[in-house]
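Have a look at upload.cif; it's mmCIF, N, CA and C atoms:
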data_input
loop_
_atom_site.label_atom_id
_atom_site.label_comp_id
_atom_site.auth_asym_id
_atom_site.auth_seq_id
_atom_site.Cartn_x
_atom_site.Cartn_y
_atom_site.Cartn_z
N MET S 1 5.44 -6.81 -16.05
CA MET S 1 4.26 -5.97 -15.87
C MET S 1 3.02 -6.83 -15.94
N HIS S 2 2.12 -6.63 -15.01
CA HIS S 2 0.89 -7.38 -14.96
C HIS S 2 -0.22 -6.52 -15.54
N ALA S 3 -0.62 -6.83 -16.76
CA ALA S 3 -1.64 -6.03 -17.41
C ALA S 3 -3.03 -6.50 -16.99
N PRO S 4 -3.90 -5.58 -16.58
CA PRO S 4 -5.26 -5.98 -16.27
C PRO S 4 -5.95 -6.53 -17.50
N SER S 5 -6.72 -7.61 -17.33
CA SER S 5 -7.44 -8.17 -18.46
C SER S 5 -8.85 -7.60 -18.55
N ALA S 6 -9.31 -7.01 -17.49
CA ALA S 6 -10.63 -6.41 -17.44
C ALA S 6 -10.59 -5.27 -16.43
N SER S 7 -11.68 -4.59 -16.30
CA SER S 7 -11.68 -3.45 -15.39
C SER S 7 -11.63 -3.89 -13.93
N THR S 8 -11.12 -2.99 -13.12
CA THR S 8 -11.02 -3.21 -11.69
C THR S 8 -12.39 -2.98 -11.05
N THR S 9 -12.74 -3.85 -10.11
CA THR S 9 -13.97 -3.72 -9.33
C THR S 9 -13.58 -3.25 -7.94
N ARG S 10 -14.26 -2.22 -7.46
CA ARG S 10 -13.98 -1.67 -6.13
C ARG S 10 -15.15 -2.01 -5.22
N LEU S 11 -14.84 -2.69 -4.11
CA LEU S 11 -15.86 -3.09 -3.15
C LEU S 11 -15.62 -2.38 -1.82
N HIS S 12 -16.65 -1.76 -1.29
CA HIS S 12 -16.58 -1.05 -0.02
C HIS S 12 -16.52 -2.06 1.13
N ILE S 13 -15.71 -1.76 2.15
CA ILE S 13 -15.63 -2.58 3.35
C ILE S 13 -15.96 -1.68 4.54
N GLY S 14 -17.20 -1.81 5.05
CA GLY S 14 -17.61 -0.97 6.16
C GLY S 14 -18.46 -1.69 7.19
N SER S 15 -18.74 -2.99 6.96
CA SER S 15 -19.59 -3.75 7.88
C SER S 15 -19.30 -5.24 7.73
N ASP S 16 -19.83 -6.03 8.67
CA ASP S 16 -19.69 -7.49 8.57
C ASP S 16 -20.34 -8.01 7.28
N ALA S 17 -21.45 -7.41 6.88
CA ALA S 17 -22.11 -7.83 5.64
C ALA S 17 -21.18 -7.61 4.45
N ASP S 18 -20.41 -6.53 4.47
CA ASP S 18 -19.45 -6.27 3.40
C ASP S 18 -18.37 -7.35 3.36
N LEU S 19 -17.96 -7.88 4.52
CA LEU S 19 -16.96 -8.95 4.56
C LEU S 19 -17.48 -10.17 3.82
N ALA S 20 -18.74 -10.52 4.06
CA ALA S 20 -19.34 -11.66 3.37
C ALA S 20 -19.40 -11.41 1.86
N TRP S 21 -19.73 -10.18 1.48
CA TRP S 21 -19.82 -9.83 0.06
C TRP S 21 -18.44 -9.92 -0.60
N VAL S 22 -17.40 -9.45 0.08
CA VAL S 22 -16.04 -9.53 -0.47
C VAL S 22 -15.65 -10.99 -0.68
N ARG S 23 -15.91 -11.85 0.30
CA ARG S 23 -15.59 -13.27 0.14
C ARG S 23 -16.31 -13.86 -1.07
N HIS S 24 -17.60 -13.54 -1.19
CA HIS S 24 -18.39 -14.04 -2.32
C HIS S 24 -17.81 -13.57 -3.66
N GLU S 25 -17.53 -12.29 -3.75
CA GLU S 25 -17.04 -11.72 -5.01
C GLU S 25 -15.65 -12.26 -5.38
N VAL S 26 -14.78 -12.44 -4.39
CA VAL S 26 -13.45 -12.99 -4.66
C VAL S 26 -13.59 -14.42 -5.16
N ARG S 27 -14.44 -15.22 -4.51
CA ARG S 27 -14.63 -16.60 -4.97
C ARG S 27 -15.17 -16.64 -6.39
N GLN S 28 -16.16 -15.80 -6.69
CA GLN S 28 -16.74 -15.75 -8.04
C GLN S 28 -15.69 -15.38 -9.08
N ALA S 29 -14.90 -14.36 -8.77
CA ALA S 29 -13.87 -13.91 -9.71
C ALA S 29 -12.82 -15.00 -9.92
N ALA S 30 -12.38 -15.64 -8.83
CA ALA S 30 -11.37 -16.69 -8.93
C ALA S 30 -11.90 -17.88 -9.73
N ALA S 31 -13.13 -18.27 -9.48
CA ALA S 31 -13.73 -19.38 -10.22
C ALA S 31 -13.81 -19.04 -11.71
N GLY S 32 -14.22 -17.81 -12.00
CA GLY S 32 -14.34 -17.38 -13.39
C GLY S 32 -13.02 -17.34 -14.14
N LEU S 33 -11.93 -17.15 -13.40
CA LEU S 33 -10.60 -17.12 -14.01
C LEU S 33 -9.98 -18.51 -14.15
N GLY S 34 -10.63 -19.51 -13.57
CA GLY S 34 -10.13 -20.87 -13.70
C GLY S 34 -9.29 -21.37 -12.54
N PHE S 35 -9.33 -20.68 -11.40
CA PHE S 35 -8.62 -21.15 -10.22
C PHE S 35 -9.24 -22.47 -9.77
N SER S 36 -8.42 -23.40 -9.31
CA SER S 36 -8.92 -24.65 -8.76
C SER S 36 -9.67 -24.36 -7.46
N LEU S 37 -10.43 -25.33 -6.98
CA LEU S 37 -11.17 -25.15 -5.74
C LEU S 37 -10.21 -24.89 -4.57
N VAL S 38 -9.08 -25.60 -4.53
CA VAL S 38 -8.10 -25.37 -3.46
C VAL S 38 -7.54 -23.95 -3.55
N GLN S 39 -7.19 -23.50 -4.76
CA GLN S 39 -6.68 -22.13 -4.92
C GLN S 39 -7.73 -21.11 -4.53
N GLN S 40 -8.98 -21.35 -4.92
CA GLN S 40 -10.06 -20.43 -4.56
C GLN S 40 -10.17 -20.31 -3.04
N THR S 41 -10.11 -21.45 -2.37
CA THR S 41 -10.24 -21.46 -0.91
C THR S 41 -9.11 -20.69 -0.25
N LYS S 42 -7.89 -20.89 -0.72
CA LYS S 42 -6.75 -20.16 -0.17
C LYS S 42 -6.91 -18.65 -0.39
N LEU S 43 -7.30 -18.27 -1.60
CA LEU S 43 -7.45 -16.86 -1.93
C LEU S 43 -8.57 -16.22 -1.12
N VAL S 44 -9.70 -16.91 -1.00
CA VAL S 44 -10.83 -16.38 -0.22
C VAL S 44 -10.45 -16.27 1.26
N THR S 45 -9.69 -17.24 1.77
CA THR S 45 -9.25 -17.20 3.17
C THR S 45 -8.35 -16.00 3.41
N ALA S 46 -7.38 -15.78 2.53
CA ALA S 46 -6.49 -14.61 2.66
C ALA S 46 -7.29 -13.32 2.55
N ALA S 47 -8.21 -13.26 1.58
CA ALA S 47 -9.03 -12.06 1.39
C ALA S 47 -9.91 -11.79 2.61
N SER S 48 -10.44 -12.84 3.20
CA SER S 48 -11.29 -12.69 4.37
C SER S 48 -10.51 -12.08 5.53
N GLU S 49 -9.30 -12.57 5.75
CA GLU S 49 -8.45 -12.03 6.82
C GLU S 49 -8.13 -10.56 6.57
N LEU S 50 -7.77 -10.22 5.33
CA LEU S 50 -7.39 -8.85 5.02
C LEU S 50 -8.59 -7.90 5.04
N ALA S 51 -9.74 -8.38 4.58
CA ALA S 51 -10.94 -7.55 4.63
C ALA S 51 -11.32 -7.25 6.08
N ARG S 52 -11.21 -8.27 6.93
CA ARG S 52 -11.51 -8.08 8.34
C ARG S 52 -10.53 -7.09 8.98
N ASN S 53 -9.24 -7.20 8.64
CA ASN S 53 -8.26 -6.24 9.14
C ASN S 53 -8.61 -4.83 8.70
N THR S 54 -9.02 -4.70 7.43
CA THR S 54 -9.40 -3.39 6.90
C THR S 54 -10.54 -2.79 7.71
N LEU S 55 -11.52 -3.61 8.06
CA LEU S 55 -12.67 -3.14 8.81
C LEU S 55 -12.32 -2.86 10.28
N VAL S 56 -11.73 -3.84 10.94
CA VAL S 56 -11.52 -3.75 12.38
C VAL S 56 -10.37 -2.81 12.75
N HIS S 57 -9.24 -2.94 12.09
CA HIS S 57 -8.06 -2.15 12.46
C HIS S 57 -7.94 -0.85 11.67
N GLY S 58 -8.50 -0.83 10.46
CA GLY S 58 -8.40 0.37 9.64
C GLY S 58 -9.63 1.24 9.66
N GLY S 59 -10.68 0.76 10.36
CA GLY S 59 -11.91 1.55 10.43
C GLY S 59 -12.74 1.49 9.16
N GLY S 60 -12.45 0.53 8.30
CA GLY S 60 -13.16 0.40 7.02
C GLY S 60 -12.29 0.90 5.89
N GLY S 61 -12.72 0.60 4.70
CA GLY S 61 -11.97 1.01 3.50
C GLY S 61 -12.56 0.33 2.29
N HIS S 62 -11.69 -0.21 1.44
CA HIS S 62 -12.18 -0.87 0.23
C HIS S 62 -11.15 -1.89 -0.27
N VAL S 63 -11.59 -2.73 -1.17
CA VAL S 63 -10.70 -3.63 -1.89
C VAL S 63 -10.91 -3.37 -3.37
N GLU S 64 -9.81 -3.31 -4.09
CA GLU S 64 -9.86 -3.23 -5.55
C GLU S 64 -9.46 -4.59 -6.08
N MET S 65 -10.34 -5.19 -6.85
CA MET S 65 -10.18 -6.53 -7.38
C MET S 65 -9.94 -6.43 -8.89
N THR S 66 -8.76 -6.89 -9.34
CA THR S 66 -8.39 -6.73 -10.74
C THR S 66 -7.99 -8.08 -11.36
N PRO S 67 -8.76 -8.57 -12.32
CA PRO S 67 -8.33 -9.76 -13.06
C PRO S 67 -7.09 -9.41 -13.89
N LEU S 68 -6.15 -10.33 -13.98
CA LEU S 68 -4.90 -10.09 -14.70
C LEU S 68 -4.71 -11.12 -15.81
N ASP S 69 -4.02 -10.68 -16.85
CA ASP S 69 -3.65 -11.58 -17.93
C ASP S 69 -2.36 -11.04 -18.51
N ASP S 70 -1.25 -11.78 -18.32
CA ASP S 70 0.03 -11.30 -18.84
C ASP S 70 0.39 -11.95 -20.18
N GLY S 71 -0.60 -12.58 -20.80
CA GLY S 71 -0.37 -13.21 -22.09
C GLY S 71 0.00 -14.68 -21.96
N VAL S 72 0.45 -15.09 -20.77
CA VAL S 72 0.85 -16.47 -20.53
C VAL S 72 -0.05 -17.10 -19.48
N ARG S 73 -0.46 -16.30 -18.51
CA ARG S 73 -1.24 -16.82 -17.39
C ARG S 73 -2.27 -15.80 -16.94
N ARG S 74 -3.26 -16.31 -16.22
CA ARG S 74 -4.32 -15.46 -15.67
C ARG S 74 -4.19 -15.41 -14.15
N GLY S 75 -4.58 -14.28 -13.58
CA GLY S 75 -4.49 -14.14 -12.14
C GLY S 75 -5.49 -13.14 -11.62
N LEU S 76 -5.39 -12.90 -10.32
CA LEU S 76 -6.28 -11.95 -9.67
C LEU S 76 -5.46 -11.16 -8.65
N ARG S 77 -5.57 -9.83 -8.73
CA ARG S 77 -4.91 -8.94 -7.76
C ARG S 77 -5.98 -8.32 -6.87
N LEU S 78 -5.72 -8.35 -5.57
CA LEU S 78 -6.61 -7.75 -4.59
C LEU S 78 -5.81 -6.73 -3.79
N ALA S 79 -6.27 -5.49 -3.77
CA ALA S 79 -5.59 -4.44 -3.01
C ALA S 79 -6.55 -3.90 -1.96
N PHE S 80 -6.26 -4.20 -0.68
CA PHE S 80 -7.07 -3.77 0.45
C PHE S 80 -6.50 -2.48 1.00
N THR S 81 -7.31 -1.43 1.05
CA THR S 81 -6.83 -0.11 1.47
C THR S 81 -7.73 0.48 2.54
N ASP S 82 -7.09 1.05 3.57
CA ASP S 82 -7.83 1.79 4.59
C ASP S 82 -7.06 3.07 4.88
N GLU S 83 -7.71 3.98 5.57
CA GLU S 83 -7.07 5.23 5.97
C GLU S 83 -6.99 5.30 7.49
N GLY S 84 -6.80 4.13 8.10
CA GLY S 84 -6.74 4.02 9.55
C GLY S 84 -5.41 4.46 10.12
N PRO S 85 -5.10 3.97 11.33
CA PRO S 85 -3.91 4.42 12.04
C PRO S 85 -2.60 3.86 11.48
N GLY S 86 -2.69 2.91 10.57
CA GLY S 86 -1.47 2.29 10.06
C GLY S 86 -0.97 1.22 11.02
N ILE S 87 0.08 0.54 10.64
CA ILE S 87 0.66 -0.52 11.45
C ILE S 87 1.97 0.01 12.03
N PRO S 88 2.03 0.19 13.35
CA PRO S 88 3.21 0.81 13.94
C PRO S 88 4.47 -0.06 13.86
N ASP S 89 4.32 -1.38 13.90
CA ASP S 89 5.48 -2.27 13.88
C ASP S 89 5.26 -3.34 12.82
N LEU S 90 5.72 -3.05 11.59
CA LEU S 90 5.51 -3.98 10.47
C LEU S 90 6.19 -5.32 10.72
N GLU S 91 7.38 -5.29 11.30
CA GLU S 91 8.10 -6.53 11.55
C GLU S 91 7.31 -7.43 12.50
N LEU S 92 6.78 -6.87 13.57
CA LEU S 92 5.97 -7.64 14.51
C LEU S 92 4.70 -8.14 13.83
N ALA S 93 4.04 -7.29 13.06
CA ALA S 93 2.79 -7.67 12.40
C ALA S 93 3.00 -8.81 11.41
N MET S 94 4.19 -8.93 10.83
CA MET S 94 4.48 -9.99 9.86
C MET S 94 5.08 -11.23 10.52
N THR S 95 5.20 -11.24 11.84
CA THR S 95 5.75 -12.39 12.54
C THR S 95 4.75 -13.54 12.54
N ASP S 96 5.22 -14.75 12.21
CA ASP S 96 4.35 -15.92 12.25
C ASP S 96 3.72 -16.06 13.62
N GLY S 97 2.42 -16.30 13.62
CA GLY S 97 1.71 -16.51 14.87
C GLY S 97 1.20 -15.23 15.52
N TYR S 98 1.65 -14.06 15.04
CA TYR S 98 1.20 -12.81 15.64
C TYR S 98 -0.24 -12.54 15.22
N THR S 99 -1.07 -12.23 16.17
CA THR S 99 -2.43 -11.80 15.88
C THR S 99 -2.82 -10.75 16.91
N SER S 100 -3.60 -9.82 16.48
CA SER S 100 -4.09 -8.80 17.42
C SER S 100 -5.37 -9.29 18.08
N GLY S 101 -5.79 -10.51 17.72
CA GLY S 101 -6.94 -11.13 18.38
C GLY S 101 -8.22 -11.00 17.61
N GLY S 102 -9.05 -12.03 17.72
CA GLY S 102 -10.40 -11.97 17.17
C GLY S 102 -10.55 -12.35 15.72
N GLY S 103 -9.47 -12.56 14.99
CA GLY S 103 -9.59 -12.90 13.58
C GLY S 103 -9.54 -14.39 13.36
N LEU S 104 -9.13 -14.77 12.15
CA LEU S 104 -9.02 -16.18 11.82
C LEU S 104 -7.77 -16.80 12.43
N GLY S 105 -6.92 -15.95 12.99
CA GLY S 105 -5.69 -16.45 13.57
C GLY S 105 -4.57 -16.57 12.55
N LEU S 106 -4.83 -16.14 11.33
CA LEU S 106 -3.81 -16.20 10.28
C LEU S 106 -2.80 -15.08 10.41
N GLY S 107 -3.30 -13.90 10.72
CA GLY S 107 -2.44 -12.73 10.69
C GLY S 107 -1.99 -12.43 9.28
N LEU S 108 -1.20 -11.40 9.15
CA LEU S 108 -0.69 -11.00 7.84
C LEU S 108 0.25 -12.06 7.26
N SER S 109 1.09 -12.65 8.11
CA SER S 109 2.04 -13.64 7.61
C SER S 109 1.31 -14.87 7.08
N GLY S 110 0.22 -15.26 7.73
CA GLY S 110 -0.56 -16.39 7.25
C GLY S 110 -1.22 -16.10 5.91
N ALA S 111 -1.76 -14.89 5.78
CA ALA S 111 -2.36 -14.50 4.50
C ALA S 111 -1.30 -14.50 3.40
N LYS S 112 -0.10 -14.03 3.74
CA LYS S 112 1.00 -13.99 2.77
C LYS S 112 1.34 -15.40 2.26
N ARG S 113 1.32 -16.37 3.16
CA ARG S 113 1.66 -17.74 2.77
C ARG S 113 0.63 -18.37 1.83
N LEU S 114 -0.57 -17.85 1.81
CA LEU S 114 -1.64 -18.44 1.01
C LEU S 114 -1.64 -17.99 -0.45
N VAL S 115 -0.85 -16.97 -0.78
CA VAL S 115 -0.84 -16.42 -2.13
C VAL S 115 0.58 -16.37 -2.68
N GLN S 116 0.69 -16.10 -3.98
CA GLN S 116 2.00 -16.10 -4.63
C GLN S 116 2.74 -14.78 -4.50
N GLU S 117 2.02 -13.67 -4.44
CA GLU S 117 2.66 -12.36 -4.33
C GLU S 117 1.93 -11.55 -3.25
N PHE S 118 2.70 -10.82 -2.43
CA PHE S 118 2.13 -10.09 -1.29
C PHE S 118 2.98 -8.87 -1.03
N THR S 119 2.36 -7.70 -0.95
CA THR S 119 3.07 -6.48 -0.56
C THR S 119 2.26 -5.76 0.51
N LEU S 120 2.98 -5.10 1.39
CA LEU S 120 2.37 -4.38 2.50
C LEU S 120 2.96 -2.99 2.54
N ASP S 121 2.09 -1.98 2.51
CA ASP S 121 2.52 -0.59 2.61
C ASP S 121 1.69 0.06 3.70
N SER S 122 2.34 0.43 4.79
CA SER S 122 1.61 1.06 5.88
C SER S 122 2.41 2.22 6.43
N ARG S 123 1.70 3.32 6.66
CA ARG S 123 2.34 4.51 7.22
C ARG S 123 1.52 4.96 8.42
N PRO S 124 2.14 4.99 9.60
CA PRO S 124 1.41 5.42 10.79
C PRO S 124 0.69 6.74 10.55
N GLY S 125 -0.60 6.74 10.90
CA GLY S 125 -1.43 7.92 10.74
C GLY S 125 -1.98 8.12 9.34
N GLN S 126 -1.57 7.30 8.38
CA GLN S 126 -2.01 7.50 6.99
C GLN S 126 -2.74 6.30 6.40
N GLY S 127 -2.66 5.15 7.06
CA GLY S 127 -3.38 3.99 6.56
C GLY S 127 -2.49 2.91 6.02
N THR S 128 -3.14 1.88 5.51
CA THR S 128 -2.45 0.68 5.07
C THR S 128 -3.03 0.19 3.75
N THR S 129 -2.17 -0.31 2.88
CA THR S 129 -2.60 -1.02 1.68
C THR S 129 -1.86 -2.35 1.65
N VAL S 130 -2.63 -3.42 1.58
CA VAL S 130 -2.07 -4.76 1.42
C VAL S 130 -2.53 -5.27 0.07
N THR S 131 -1.56 -5.64 -0.77
CA THR S 131 -1.87 -6.12 -2.11
C THR S 131 -1.41 -7.55 -2.24
N LEU S 132 -2.32 -8.40 -2.70
CA LEU S 132 -1.93 -9.77 -2.96
C LEU S 132 -2.33 -10.13 -4.38
N THR S 133 -1.52 -10.99 -4.98
CA THR S 133 -1.78 -11.46 -6.33
C THR S 133 -1.59 -12.97 -6.34
N ASP S 134 -2.51 -13.65 -6.98
CA ASP S 134 -2.39 -15.09 -7.14
C ASP S 134 -2.65 -15.41 -8.61
N TRP S 135 -1.98 -16.45 -9.07
CA TRP S 135 -2.06 -16.85 -10.47
C TRP S 135 -2.65 -18.25 -10.58
N VAL S 136 -3.44 -18.46 -11.62
CA VAL S 136 -3.97 -19.80 -11.87
C VAL S 136 -2.81 -20.72 -12.15
N THR S 137 -2.75 -21.82 -11.43
CA THR S 137 -1.70 -22.80 -11.68
C THR S 137 -2.32 -24.01 -12.35
N ALA S 138 -1.59 -24.56 -13.31
CA ALA S 138 -2.08 -25.72 -14.04
C ALA S 138 -1.97 -26.95 -13.15
N LEU S 139 -2.86 -27.87 -13.39
CA LEU S 139 -2.77 -29.15 -12.69
C LEU S 139 -1.54 -29.89 -13.18
N PRO S 140 -0.88 -30.65 -12.33
CA PRO S 140 0.28 -31.43 -12.79
C PRO S 140 -0.17 -32.41 -13.87
N SER S 141 0.67 -32.61 -14.87
CA SER S 141 0.30 -33.53 -15.93
C SER S 141 0.36 -34.97 -15.42
N ALA S 142 -0.46 -35.80 -16.01
CA ALA S 142 -0.54 -37.19 -15.59
C ALA S 142 0.77 -37.90 -15.87
N ARG S 143 1.17 -38.77 -14.97
CA ARG S 143 2.38 -39.55 -15.18
C ARG S 143 2.10 -40.61 -16.24
N THR S 144 3.10 -40.87 -17.00
CA THR S 144 2.98 -41.93 -18.02
C THR S 144 3.95 -43.03 -17.70
N GLY S 145 3.70 -44.20 -18.24
CA GLY S 145 4.61 -45.31 -18.01
C GLY S 145 4.29 -46.02 -16.73
N GLY S 146 5.25 -46.78 -16.23
CA GLY S 146 5.07 -47.58 -15.03
C GLY S 146 4.99 -46.74 -13.78
N SER S 147 4.54 -47.36 -12.70
CA SER S 147 4.42 -46.66 -11.42
C SER S 147 5.73 -46.70 -10.77
#
This structure in C-alpha cells:
Amino acid sequence: MHAPSASTTRLHIGSDADLAWVRHEVRQAAAGLGFSLVQQTKLVTAASELARNTLVHGGGGHVEMTPLDDGVRRGLRLAFTDEGPGIPDLELAMTDGYTSGGGLGLGLSGAKRLVQEFTLDSRPGQGTTVTLTDWVTALPSARTGGS
C-alpha cells in the first residue's frame, strides 16, 4: 500500500498554459521529494505527454499529484483523468512507436518506460485515467578498493 505523505494537489488541464503549469508543478514536487535531475526530467517528460493527451484527446481534465511515503522510500503519483471519448484500442495505443500525431512522439508506451509504475484505465465514451508512480532512487554507492 502506498500511503500518501501529504495531501493530493489537483491541477486543471484545459489549455496550453495549463500544460506548462503541470510541468512546472511536477518538477517542483519531484525536486522537493529528492528526485535526481535525471529522474525529474523523465517524470516531467512523461507528465507532459500525458497532460497533452488529456487536453488534446480527452478534451481537458485534471491531474492529481500525490507525494508518497511508504516508510522506506518517497515517491510521486500522478493520475491524469479526462471524461473524453476514451481509447478505443488500448493494445494499439500501447504499441511502441504509436502516436496519434502532434505530441512529443513518446506515446503512452514511451511515457510508461520513463516511470516505475504505470496503469491505464480507459472506457469508450467514459474517459481515461492514466496513473504513473515513480520512486526516488538512491545514487549507487561509491566503489571501494582497486579499479
task: Using all atoms listed in the file, find the one residue out of S:Glu117, S:Asp96, S:Asp16, S:Glu64 that sits nearest to Trp135 (chain S).
output: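 Answer, going by the shortest atom-to-atom distance: S:Glu117.
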Strand (DSSP E or B) call set, DSSP backbone run, region 6-145 of chain S, as a ChimeraX atom specification: /S:9-13,61-69,74-82,117-123,127-135
Suppose we keep N, CA and C atoms; can you now write the selection as a CSV table (one decimal), in the frame of the given file?
chain,number,residue,atom,x,y,z
S,9,THR,N,-12.7,-3.8,-10.1
S,9,THR,CA,-14.0,-3.7,-9.3
S,9,THR,C,-13.6,-3.2,-7.9
S,10,ARG,N,-14.3,-2.2,-7.5
S,10,ARG,CA,-14.0,-1.7,-6.1
S,10,ARG,C,-15.2,-2.0,-5.2
S,11,LEU,N,-14.8,-2.7,-4.1
S,11,LEU,CA,-15.9,-3.1,-3.2
S,11,LEU,C,-15.6,-2.4,-1.8
S,12,HIS,N,-16.6,-1.8,-1.3
S,12,HIS,CA,-16.6,-1.0,0.0
S,12,HIS,C,-16.5,-2.1,1.1
S,13,ILE,N,-15.7,-1.8,2.2
S,13,ILE,CA,-15.6,-2.6,3.4
S,13,ILE,C,-16.0,-1.7,4.5
S,61,GLY,N,-12.7,0.6,4.7
S,61,GLY,CA,-12.0,1.0,3.5
S,61,GLY,C,-12.6,0.3,2.3
S,62,HIS,N,-11.7,-0.2,1.4
S,62,HIS,CA,-12.2,-0.9,0.2
S,62,HIS,C,-11.2,-1.9,-0.3
S,63,VAL,N,-11.6,-2.7,-1.2
S,63,VAL,CA,-10.7,-3.6,-1.9
S,63,VAL,C,-10.9,-3.4,-3.4
S,64,GLU,N,-9.8,-3.3,-4.1
S,64,GLU,CA,-9.9,-3.2,-5.6
S,64,GLU,C,-9.5,-4.6,-6.1
S,65,MET,N,-10.3,-5.2,-6.8
S,65,MET,CA,-10.2,-6.5,-7.4
S,65,MET,C,-9.9,-6.4,-8.9
S,66,THR,N,-8.8,-6.9,-9.3
S,66,THR,CA,-8.4,-6.7,-10.7
S,66,THR,C,-8.0,-8.1,-11.4
S,67,PRO,N,-8.8,-8.6,-12.3
S,67,PRO,CA,-8.3,-9.8,-13.1
S,67,PRO,C,-7.1,-9.4,-13.9
S,68,LEU,N,-6.2,-10.3,-14.0
S,68,LEU,CA,-4.9,-10.1,-14.7
S,68,LEU,C,-4.7,-11.1,-15.8
S,69,ASP,N,-4.0,-10.7,-16.8
S,69,ASP,CA,-3.6,-11.6,-17.9
S,69,ASP,C,-2.4,-11.0,-18.5
S,74,ARG,N,-3.3,-16.3,-16.2
S,74,ARG,CA,-4.3,-15.5,-15.7
S,74,ARG,C,-4.2,-15.4,-14.2
S,75,GLY,N,-4.6,-14.3,-13.6
S,75,GLY,CA,-4.5,-14.1,-12.1
S,75,GLY,C,-5.5,-13.1,-11.6
S,76,LEU,N,-5.4,-12.9,-10.3
S,76,LEU,CA,-6.3,-12.0,-9.7
S,76,LEU,C,-5.5,-11.2,-8.6
S,77,ARG,N,-5.6,-9.8,-8.7
S,77,ARG,CA,-4.9,-8.9,-7.8
S,77,ARG,C,-6.0,-8.3,-6.9
S,78,LEU,N,-5.7,-8.4,-5.6
S,78,LEU,CA,-6.6,-7.8,-4.6
S,78,LEU,C,-5.8,-6.7,-3.8
S,79,ALA,N,-6.3,-5.5,-3.8
S,79,ALA,CA,-5.6,-4.4,-3.0
S,79,ALA,C,-6.6,-3.9,-2.0
S,80,PHE,N,-6.3,-4.2,-0.7
S,80,PHE,CA,-7.1,-3.8,0.4
S,80,PHE,C,-6.5,-2.5,1.0
S,81,THR,N,-7.3,-1.4,1.0
S,81,THR,CA,-6.8,-0.1,1.5
S,81,THR,C,-7.7,0.5,2.5
S,82,ASP,N,-7.1,1.0,3.6
S,82,ASP,CA,-7.8,1.8,4.6
S,82,ASP,C,-7.1,3.1,4.9
S,117,GLU,N,2.0,-13.7,-4.4
S,117,GLU,CA,2.7,-12.4,-4.3
S,117,GLU,C,1.9,-11.6,-3.2
S,118,PHE,N,2.7,-10.8,-2.4
S,118,PHE,CA,2.1,-10.1,-1.3
S,118,PHE,C,3.0,-8.9,-1.0
S,119,THR,N,2.4,-7.7,-1.0
S,119,THR,CA,3.1,-6.5,-0.6
S,119,THR,C,2.3,-5.8,0.5
S,120,LEU,N,3.0,-5.1,1.4
S,120,LEU,CA,2.4,-4.4,2.5
S,120,LEU,C,3.0,-3.0,2.5
S,121,ASP,N,2.1,-2.0,2.5
S,121,ASP,CA,2.5,-0.6,2.6
S,121,ASP,C,1.7,0.1,3.7
S,122,SER,N,2.3,0.4,4.8
S,122,SER,CA,1.6,1.1,5.9
S,122,SER,C,2.4,2.2,6.4
S,123,ARG,N,1.7,3.3,6.7
S,123,ARG,CA,2.3,4.5,7.2
S,123,ARG,C,1.5,5.0,8.4
S,127,GLY,N,-2.7,5.2,7.1
S,127,GLY,CA,-3.4,4.0,6.6
S,127,GLY,C,-2.5,2.9,6.0
S,128,THR,N,-3.1,1.9,5.5
S,128,THR,CA,-2.4,0.7,5.1
S,128,THR,C,-3.0,0.2,3.8
S,129,THR,N,-2.2,-0.3,2.9
S,129,THR,CA,-2.6,-1.0,1.7
S,129,THR,C,-1.9,-2.4,1.6
S,130,VAL,N,-2.6,-3.4,1.6
S,130,VAL,CA,-2.1,-4.8,1.4
S,130,VAL,C,-2.5,-5.3,0.1
S,131,THR,N,-1.6,-5.6,-0.8
S,131,THR,CA,-1.9,-6.1,-2.1
S,131,THR,C,-1.4,-7.6,-2.2
S,132,LEU,N,-2.3,-8.4,-2.7
S,132,LEU,CA,-1.9,-9.8,-3.0
S,132,LEU,C,-2.3,-10.1,-4.4
S,133,THR,N,-1.5,-11.0,-5.0
S,133,THR,CA,-1.8,-11.5,-6.3
S,133,THR,C,-1.6,-13.0,-6.3
S,134,ASP,N,-2.5,-13.6,-7.0
S,134,ASP,CA,-2.4,-15.1,-7.1
S,134,ASP,C,-2.6,-15.4,-8.6
S,135,TRP,N,-2.0,-16.4,-9.1
S,135,TRP,CA,-2.1,-16.8,-10.5
S,135,TRP,C,-2.6,-18.2,-10.6
task: Would you mind reading off the distance between CA of Asp70 (chain S) and CA of Thr119 (chain S), one decimal, in Å?
output: 19.1 Å
field: Pick from S:His62, S:Lys42, S:Arg10, S:His57 nearest to Leu114 (chain S), counting only C-alpha atoms
entry: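 Looking at the shortest contact to Leu114 (chain S), the residue is S:Lys42.
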query: Hey, which of S:Arg23, S:His12, S:Gly71, S:Glu83 ends up closest to Gly58 (chain S)? Count all atoms listed in the file.
result: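 With all atoms listed in the file as the atom set, the closest residue is S:Glu83.
For the atom pair formed by CA of Leu50 (chain S) and atom N of Arg74 (chain S), the distance is 22.9 Å, given to one decimal.
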- prompt: Restricting the calculation to only N, CA and C atoms, which member of S:Val44, S:Ala93, S:Val26, S:Ile87 is positioned closest to Pro124 (chain S)?
  reply: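 Checking each of S:Val44, S:Ala93, S:Val26, S:Ile87 against Pro124 (chain S), counting only N, CA and C atoms, the winner is S:Ile87.
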- prompt: Could you spell out the hits of the PyMOL selection byres (((chain S and resi 115 and name CA) around 8) and name CA) on the shown file, as JSON, numbers by chain?
  reply: {"S": [42, 43, 46, 111, 112, 113, 114, 116, 117, 118, 132, 133, 134]}
message: I'd like to know which of S:Gly84, S:Gly75, S:Gly61, S:Gly125 is closest to Gly34 (chain S), using all atoms listed in the file.
response: S:Gly75
Pairwise distance for CA of Gly127 (chain S) and CA of Pro85 (chain S), rounded to one decimal in Å: 5.5 Å
- request: Find the residues near Thr128 (chain S): any atom within 7 Å, counting only C-alpha atoms, skip ones fewer than 4 places away on the same chain, and give them as a ChimeraX atom specification.
  value: /S:81-83,86,121-123
field: Residue members of the PyMOL selection byres (((chain S and resi 22 and name CA) around 8) and name CA) in the file shown, as an MDAnalysis selection string
entry: chainID S and resid 11 13 18:21 23:26 47:48 51
message: I need the residue nearest Gly110 (chain S) from this list: S:Thr137, S:Gln39, S:Thr8, S:Thr95. Use only C-alpha atoms for the distance.
response: S:Thr95
